[in-house]
$ cat data03.cif   # mmCIF, N, CA and C atoms
data_coords
loop_
_atom_site.label_atom_id
_atom_site.label_comp_id
_atom_site.auth_asym_id
_atom_site.auth_seq_id
_atom_site.Cartn_x
_atom_site.Cartn_y
_atom_site.Cartn_z
N MET X 1 15.90 -14.56 -13.68
CA MET X 1 15.01 -13.54 -13.14
C MET X 1 14.38 -14.07 -11.85
N SER X 2 14.46 -13.32 -10.78
CA SER X 2 13.92 -13.77 -9.50
C SER X 2 12.49 -13.27 -9.31
N GLY X 3 11.79 -13.94 -8.39
CA GLY X 3 10.42 -13.56 -8.08
C GLY X 3 10.37 -12.36 -7.16
N PRO X 4 9.18 -12.04 -6.69
CA PRO X 4 9.03 -10.89 -5.80
C PRO X 4 9.73 -11.11 -4.47
N ARG X 5 10.16 -10.02 -3.89
CA ARG X 5 10.75 -10.04 -2.56
C ARG X 5 9.77 -9.40 -1.59
N VAL X 6 9.71 -9.95 -0.41
CA VAL X 6 8.81 -9.41 0.61
C VAL X 6 9.66 -8.83 1.73
N LEU X 7 9.43 -7.57 2.04
CA LEU X 7 10.08 -6.91 3.17
C LEU X 7 8.99 -6.56 4.17
N THR X 8 9.22 -6.88 5.42
CA THR X 8 8.23 -6.59 6.45
C THR X 8 8.88 -5.75 7.53
N PHE X 9 8.21 -4.70 7.94
CA PHE X 9 8.69 -3.85 9.03
C PHE X 9 7.66 -3.93 10.14
N ALA X 10 8.06 -4.48 11.27
CA ALA X 10 7.13 -4.65 12.40
C ALA X 10 7.84 -4.41 13.71
N ASN X 11 7.13 -3.84 14.64
CA ASN X 11 7.64 -3.62 15.98
C ASN X 11 6.43 -3.29 16.85
N GLN X 12 6.35 -3.87 18.02
CA GLN X 12 5.23 -3.58 18.92
C GLN X 12 5.21 -2.13 19.36
N LYS X 13 6.38 -1.57 19.56
CA LYS X 13 6.48 -0.22 20.08
C LYS X 13 6.13 0.79 18.99
N GLY X 14 5.39 1.78 19.36
CA GLY X 14 5.08 2.86 18.43
C GLY X 14 6.19 3.89 18.41
N GLY X 15 6.21 4.69 17.36
CA GLY X 15 7.16 5.79 17.30
C GLY X 15 8.59 5.39 17.00
N VAL X 16 8.78 4.22 16.38
CA VAL X 16 10.14 3.77 16.07
C VAL X 16 10.50 3.97 14.60
N GLY X 17 9.59 4.54 13.83
CA GLY X 17 9.90 4.86 12.44
C GLY X 17 9.46 3.85 11.40
N LYS X 18 8.55 2.95 11.76
CA LYS X 18 8.09 1.93 10.80
C LYS X 18 7.43 2.56 9.57
N THR X 19 6.47 3.44 9.79
CA THR X 19 5.74 4.06 8.69
C THR X 19 6.65 4.90 7.83
N THR X 20 7.49 5.69 8.45
CA THR X 20 8.42 6.54 7.71
C THR X 20 9.37 5.70 6.87
N THR X 21 9.88 4.63 7.46
CA THR X 21 10.79 3.74 6.74
C THR X 21 10.11 3.12 5.53
N VAL X 22 8.89 2.61 5.72
CA VAL X 22 8.17 1.97 4.61
C VAL X 22 7.85 2.98 3.51
N ALA X 23 7.37 4.15 3.87
CA ALA X 23 7.02 5.16 2.87
C ALA X 23 8.24 5.60 2.08
N CYS X 24 9.34 5.85 2.77
CA CYS X 24 10.56 6.32 2.09
C CYS X 24 11.19 5.21 1.25
N LEU X 25 11.26 4.00 1.78
CA LEU X 25 11.84 2.90 1.03
C LEU X 25 10.98 2.57 -0.19
N GLY X 26 9.67 2.57 -0.02
CA GLY X 26 8.77 2.32 -1.16
C GLY X 26 8.94 3.36 -2.25
N ALA X 27 9.03 4.63 -1.85
CA ALA X 27 9.22 5.70 -2.83
C ALA X 27 10.57 5.57 -3.53
N ALA X 28 11.61 5.25 -2.78
CA ALA X 28 12.95 5.11 -3.37
C ALA X 28 13.00 3.94 -4.35
N LEU X 29 12.40 2.82 -3.98
CA LEU X 29 12.39 1.66 -4.87
C LEU X 29 11.60 1.94 -6.15
N ALA X 30 10.46 2.60 -6.01
CA ALA X 30 9.65 2.94 -7.18
C ALA X 30 10.40 3.92 -8.08
N GLU X 31 11.07 4.87 -7.47
CA GLU X 31 11.85 5.84 -8.24
C GLU X 31 12.99 5.16 -8.99
N ALA X 32 13.50 4.07 -8.40
CA ALA X 32 14.59 3.31 -9.04
C ALA X 32 14.06 2.34 -10.09
N GLY X 33 12.74 2.37 -10.35
CA GLY X 33 12.17 1.54 -11.39
C GLY X 33 11.66 0.19 -10.92
N ARG X 34 11.60 -0.02 -9.62
CA ARG X 34 11.11 -1.29 -9.09
C ARG X 34 9.60 -1.23 -8.91
N ARG X 35 8.95 -2.38 -9.01
CA ARG X 35 7.52 -2.46 -8.71
C ARG X 35 7.38 -2.61 -7.21
N VAL X 36 6.47 -1.85 -6.63
CA VAL X 36 6.33 -1.80 -5.17
C VAL X 36 4.86 -1.96 -4.79
N LEU X 37 4.63 -2.78 -3.79
CA LEU X 37 3.30 -2.90 -3.20
C LEU X 37 3.43 -2.58 -1.72
N LEU X 38 2.78 -1.50 -1.27
CA LEU X 38 2.78 -1.12 0.13
C LEU X 38 1.46 -1.56 0.74
N VAL X 39 1.51 -2.15 1.93
CA VAL X 39 0.30 -2.61 2.60
C VAL X 39 0.24 -1.95 3.96
N ASP X 40 -0.85 -1.26 4.23
CA ASP X 40 -1.06 -0.55 5.49
C ASP X 40 -2.07 -1.31 6.33
N LEU X 41 -1.58 -2.03 7.33
CA LEU X 41 -2.46 -2.80 8.22
C LEU X 41 -2.71 -2.09 9.55
N ASP X 42 -2.13 -0.94 9.72
CA ASP X 42 -2.29 -0.18 10.96
C ASP X 42 -3.69 0.44 11.00
N PRO X 43 -4.44 0.19 12.07
CA PRO X 43 -5.79 0.77 12.17
C PRO X 43 -5.80 2.30 12.11
N GLN X 44 -4.67 2.92 12.45
CA GLN X 44 -4.59 4.38 12.38
C GLN X 44 -4.34 4.87 10.96
N ALA X 45 -3.99 3.96 10.06
CA ALA X 45 -3.81 4.25 8.62
C ALA X 45 -2.81 5.36 8.35
N CYS X 46 -1.74 5.41 9.11
CA CYS X 46 -0.73 6.47 8.95
C CYS X 46 -0.01 6.37 7.61
N LEU X 47 0.26 5.16 7.13
CA LEU X 47 0.92 5.02 5.83
C LEU X 47 0.00 5.51 4.72
N THR X 48 -1.26 5.21 4.85
CA THR X 48 -2.25 5.69 3.88
C THR X 48 -2.22 7.20 3.81
N PHE X 49 -2.25 7.83 4.98
CA PHE X 49 -2.21 9.29 5.06
C PHE X 49 -0.88 9.82 4.52
N SER X 50 0.21 9.11 4.83
CA SER X 50 1.56 9.54 4.42
C SER X 50 1.72 9.62 2.92
N VAL X 51 1.00 8.80 2.18
CA VAL X 51 1.13 8.82 0.72
C VAL X 51 0.07 9.68 0.06
N GLY X 52 -0.66 10.45 0.86
CA GLY X 52 -1.54 11.45 0.30
C GLY X 52 -3.00 11.09 0.15
N LEU X 53 -3.43 10.02 0.78
CA LEU X 53 -4.84 9.64 0.71
C LEU X 53 -5.53 9.91 2.04
N ASP X 54 -6.81 10.18 1.97
CA ASP X 54 -7.61 10.40 3.17
C ASP X 54 -8.20 9.08 3.63
N PRO X 55 -7.73 8.54 4.77
CA PRO X 55 -8.24 7.25 5.24
C PRO X 55 -9.75 7.25 5.47
N ASP X 56 -10.31 8.40 5.81
CA ASP X 56 -11.75 8.48 6.05
C ASP X 56 -12.56 8.38 4.76
N ALA X 57 -11.91 8.60 3.63
CA ALA X 57 -12.61 8.54 2.35
C ALA X 57 -12.54 7.16 1.72
N ILE X 58 -11.89 6.23 2.39
CA ILE X 58 -11.73 4.88 1.86
C ILE X 58 -13.04 4.11 2.02
N GLU X 59 -13.54 3.55 0.93
CA GLU X 59 -14.81 2.84 0.98
C GLU X 59 -14.65 1.37 1.32
N VAL X 60 -13.56 0.75 0.87
CA VAL X 60 -13.33 -0.67 1.12
C VAL X 60 -11.85 -0.84 1.44
N SER X 61 -11.54 -1.72 2.39
CA SER X 61 -10.16 -1.86 2.84
C SER X 61 -9.79 -3.33 3.02
N LEU X 62 -8.59 -3.56 3.55
CA LEU X 62 -8.15 -4.92 3.81
C LEU X 62 -9.03 -5.61 4.85
N TYR X 63 -9.73 -4.85 5.64
CA TYR X 63 -10.67 -5.44 6.60
C TYR X 63 -11.69 -6.30 5.85
N GLU X 64 -12.26 -5.74 4.80
CA GLU X 64 -13.24 -6.50 4.00
C GLU X 64 -12.59 -7.66 3.26
N VAL X 65 -11.33 -7.49 2.87
CA VAL X 65 -10.60 -8.58 2.21
C VAL X 65 -10.42 -9.73 3.19
N MET X 66 -9.99 -9.42 4.41
CA MET X 66 -9.75 -10.46 5.42
C MET X 66 -11.03 -11.19 5.81
N LEU X 67 -12.16 -10.50 5.73
CA LEU X 67 -13.44 -11.14 6.01
C LEU X 67 -13.94 -11.94 4.82
N GLY X 68 -13.25 -11.83 3.69
CA GLY X 68 -13.66 -12.54 2.48
C GLY X 68 -14.79 -11.88 1.73
N LEU X 69 -15.05 -10.61 2.02
CA LEU X 69 -16.16 -9.90 1.39
C LEU X 69 -15.81 -9.31 0.03
N VAL X 70 -14.53 -9.02 -0.20
CA VAL X 70 -14.11 -8.44 -1.48
C VAL X 70 -12.82 -9.09 -1.96
N ASP X 71 -12.59 -9.01 -3.25
CA ASP X 71 -11.36 -9.51 -3.85
C ASP X 71 -10.21 -8.59 -3.43
N PRO X 72 -9.04 -9.12 -3.14
CA PRO X 72 -7.91 -8.27 -2.73
C PRO X 72 -7.58 -7.17 -3.73
N ARG X 73 -7.81 -7.43 -5.02
CA ARG X 73 -7.51 -6.40 -6.02
C ARG X 73 -8.41 -5.18 -5.88
N ALA X 74 -9.53 -5.33 -5.19
CA ALA X 74 -10.46 -4.21 -5.04
C ALA X 74 -9.92 -3.12 -4.13
N VAL X 75 -8.91 -3.44 -3.32
CA VAL X 75 -8.39 -2.43 -2.39
C VAL X 75 -7.07 -1.84 -2.86
N VAL X 76 -6.61 -2.26 -4.03
CA VAL X 76 -5.37 -1.72 -4.58
C VAL X 76 -5.67 -0.42 -5.29
N VAL X 77 -4.90 0.60 -4.94
CA VAL X 77 -5.02 1.89 -5.62
C VAL X 77 -3.78 2.04 -6.47
N GLY X 78 -3.98 2.16 -7.76
CA GLY X 78 -2.86 2.27 -8.68
C GLY X 78 -2.58 3.69 -9.08
N HIS X 79 -2.03 3.82 -10.24
CA HIS X 79 -1.62 5.11 -10.79
C HIS X 79 -2.73 6.15 -10.69
N ARG X 80 -2.41 7.27 -10.11
CA ARG X 80 -3.33 8.41 -9.96
C ARG X 80 -4.61 8.05 -9.21
N GLY X 81 -4.52 7.09 -8.29
CA GLY X 81 -5.65 6.79 -7.44
C GLY X 81 -6.70 5.88 -8.01
N ARG X 82 -6.47 5.30 -9.21
CA ARG X 82 -7.46 4.39 -9.77
C ARG X 82 -7.49 3.11 -8.93
N ALA X 83 -8.66 2.65 -8.62
CA ALA X 83 -8.80 1.47 -7.78
C ALA X 83 -9.17 0.25 -8.60
N GLY X 84 -8.95 -0.91 -8.01
CA GLY X 84 -9.43 -2.15 -8.59
C GLY X 84 -8.42 -2.85 -9.47
N PRO X 85 -8.84 -3.97 -10.06
CA PRO X 85 -7.94 -4.80 -10.86
C PRO X 85 -7.27 -4.07 -12.01
N ALA X 86 -7.92 -3.06 -12.55
CA ALA X 86 -7.33 -2.34 -13.67
C ALA X 86 -6.04 -1.65 -13.26
N ALA X 87 -5.90 -1.36 -11.97
CA ALA X 87 -4.68 -0.69 -11.50
C ALA X 87 -3.49 -1.63 -11.64
N GLY X 88 -3.70 -2.91 -11.39
CA GLY X 88 -2.62 -3.88 -11.51
C GLY X 88 -1.51 -3.64 -10.50
N VAL X 89 -0.54 -4.52 -10.50
CA VAL X 89 0.56 -4.36 -9.57
C VAL X 89 1.78 -3.78 -10.25
N ASP X 90 1.62 -3.29 -11.44
CA ASP X 90 2.77 -2.78 -12.16
C ASP X 90 2.62 -1.32 -12.54
N ARG X 91 1.76 -0.61 -11.87
CA ARG X 91 1.57 0.79 -12.18
C ARG X 91 1.84 1.63 -10.93
N PRO X 92 2.34 2.86 -11.12
CA PRO X 92 2.60 3.73 -9.97
C PRO X 92 1.31 3.97 -9.20
N GLY X 93 1.40 4.11 -7.92
CA GLY X 93 0.20 4.35 -7.16
C GLY X 93 0.43 4.67 -5.71
N ARG X 94 -0.63 4.60 -4.97
CA ARG X 94 -0.60 4.97 -3.56
C ARG X 94 -1.39 3.97 -2.74
N VAL X 95 -1.32 4.15 -1.44
CA VAL X 95 -1.98 3.22 -0.53
C VAL X 95 -3.43 3.63 -0.32
N ARG X 96 -4.28 2.67 -0.13
CA ARG X 96 -5.68 2.90 0.21
C ARG X 96 -5.86 2.47 1.65
N GLY X 97 -6.40 3.33 2.49
CA GLY X 97 -6.52 3.15 3.93
C GLY X 97 -6.57 1.71 4.39
N ALA X 98 -5.65 1.33 5.22
CA ALA X 98 -5.51 -0.05 5.65
C ALA X 98 -5.65 -0.94 4.43
N ALA X 99 -4.93 -0.62 3.42
CA ALA X 99 -5.05 -1.33 2.16
C ALA X 99 -3.70 -1.50 1.49
N ALA X 100 -3.70 -1.50 0.20
CA ALA X 100 -2.47 -1.77 -0.54
C ALA X 100 -2.23 -0.73 -1.62
N ALA X 101 -0.98 -0.51 -1.92
CA ALA X 101 -0.63 0.46 -2.96
C ALA X 101 0.41 -0.12 -3.89
N CYS X 102 0.32 0.25 -5.13
CA CYS X 102 1.29 -0.20 -6.13
C CYS X 102 2.06 0.99 -6.65
N ALA X 103 3.32 0.77 -6.90
CA ALA X 103 4.14 1.82 -7.51
C ALA X 103 5.22 1.15 -8.34
N GLY X 104 5.70 1.86 -9.31
CA GLY X 104 6.77 1.35 -10.15
C GLY X 104 6.50 1.62 -11.60
N PRO X 105 7.38 1.16 -12.45
CA PRO X 105 7.23 1.45 -13.89
C PRO X 105 6.04 0.75 -14.50
#
$ encode --input "data03.cif" --output "structure tokens"
Amino acid sequence: MSGPRVLTFANQKGGVGKTTTVACLGAALAEAGRRVLLVDLDPQACLTFSVGLDPDAIEVSLYEVMLGLVDPRAVVVGHRGRAGPAAGVDRPGRVRGAAAACAGP
């Protein structure tokens, strides 16, 4: 059994399909039964918006995690939008503005 795999999509240029690729690939992997963690580091929070969350309604994000103000699990939104450690990394979920999302069985 292998450990987690990390896929990163980055490009300086905008409009090249990074967000669309990540959202579609994440959805396809989750649908195939894989555990998925999506991380939205874009200040515009387009991935967050793409998965159905309102970035303006986000109370805590990776910004606070990077400053060391909150535990990283606090920004994970799991199944049906539940936040925090209870969501875990093994439940279906969505992204939290400039944050992280879990999906999968």
$ atom_distance --input "data03.cif" --atom1 "CA of Asn11 (chain X)" --atom2 "CA of Ala74 (chain X)"
27.7 Å
$ resolve_selection --input "data03.cif" --expression "the PyMOL selection byres ((chain X and resi 72) around 8)" --output "list of chain:residue names"
X:Ser61, X:Leu62, X:Glu64, X:Val65, X:Met66, X:Leu69, X:Val70, X:Asp71, X:Arg73, X:Ala74, X:Val75, X:Val76, X:Gly84, X:Pro85, X:Ala100
$ closest_residue --input "data03.cif" --among "X:Ile58, X:Leu41, X:Val77, X:Val51" --to "Ala27 (chain X)" --atoms "only C-alpha atoms"
X:Val51
$ resolve_selection --input "data03.cif" --expression "the PyMOL selection byres (((chain X and resi 19 and name CA) around 9) and name CA)" --output "ChimeraX atom specification"
/X:9,15-18,20-24,40,46-47,50
$ select_by_dssp --input "data03.cif" --residues "region 3-74 of chain X" --states "alpha helix (DSSP H)" --output "MDAnalysis selection string"
chainID X and resid 18:31 46:50 62:66
$ residues_near_point --input "data03.cif" --point "(6.4, -7.1, -1.4)" --cutoff "8 Å" --atoms "only C-alpha atoms" --output "PyMOL selection string"
chain X and resi 4-7+36-38
$ write_last_selection --input "data03.cif" --atoms "N, CA and C atoms" --output "PDB file, in the frame of the given file"
ATOM      1  N   PRO X   4       9.180 -12.040  -6.690  1.00  0.00           N
ATOM      2  CA  PRO X   4       9.030 -10.890  -5.800  1.00  0.00           C
ATOM      3  C   PRO X   4       9.730 -11.110  -4.470  1.00  0.00           C
ATOM      4  N   ARG X   5      10.160 -10.020  -3.890  1.00  0.00           N
ATOM      5  CA  ARG X   5      10.750 -10.040  -2.560  1.00  0.00           C
ATOM      6  C   ARG X   5       9.770  -9.400  -1.590  1.00  0.00           C
ATOM      7  N   VAL X   6       9.710  -9.950  -0.410  1.00  0.00           N
ATOM      8  CA  VAL X   6       8.810  -9.410   0.610  1.00  0.00           C
ATOM      9  C   VAL X   6       9.660  -8.830   1.730  1.00  0.00           C
ATOM     10  N   LEU X   7       9.430  -7.570   2.040  1.00  0.00           N
ATOM     11  CA  LEU X   7      10.080  -6.910   3.170  1.00  0.00           C
ATOM     12  C   LEU X   7       8.990  -6.560   4.170  1.00  0.00           C
ATOM     13  N   VAL X  36       6.470  -1.850  -6.630  1.00  0.00           N
ATOM     14  CA  VAL X  36       6.330  -1.800  -5.170  1.00  0.00           C
ATOM     15  C   VAL X  36       4.860  -1.960  -4.790  1.00  0.00           C
ATOM     16  N   LEU X  37       4.630  -2.780  -3.790  1.00  0.00           N
ATOM     17  CA  LEU X  37       3.300  -2.900  -3.200  1.00  0.00           C
ATOM     18  C   LEU X  37       3.430  -2.580  -1.720  1.00  0.00           C
ATOM     19  N   LEU X  38       2.780  -1.500  -1.270  1.00  0.00           N
ATOM     20  CA  LEU X  38       2.780  -1.120   0.130  1.00  0.00           C
ATOM     21  C   LEU X  38       1.460  -1.560   0.740  1.00  0.00           C
TER      22      LEU X  38
END
$ atom_distance --input "data03.cif" --atom1 "atom N of Asp42 (chain X)" --atom2 "atom N of Lys13 (chain X)"
13.0 Å
$ atom_distance --input "data03.cif" --atom1 "CA of Ser2 (chain X)" --atom2 "CA of Ala32 (chain X)"
17.1 Å
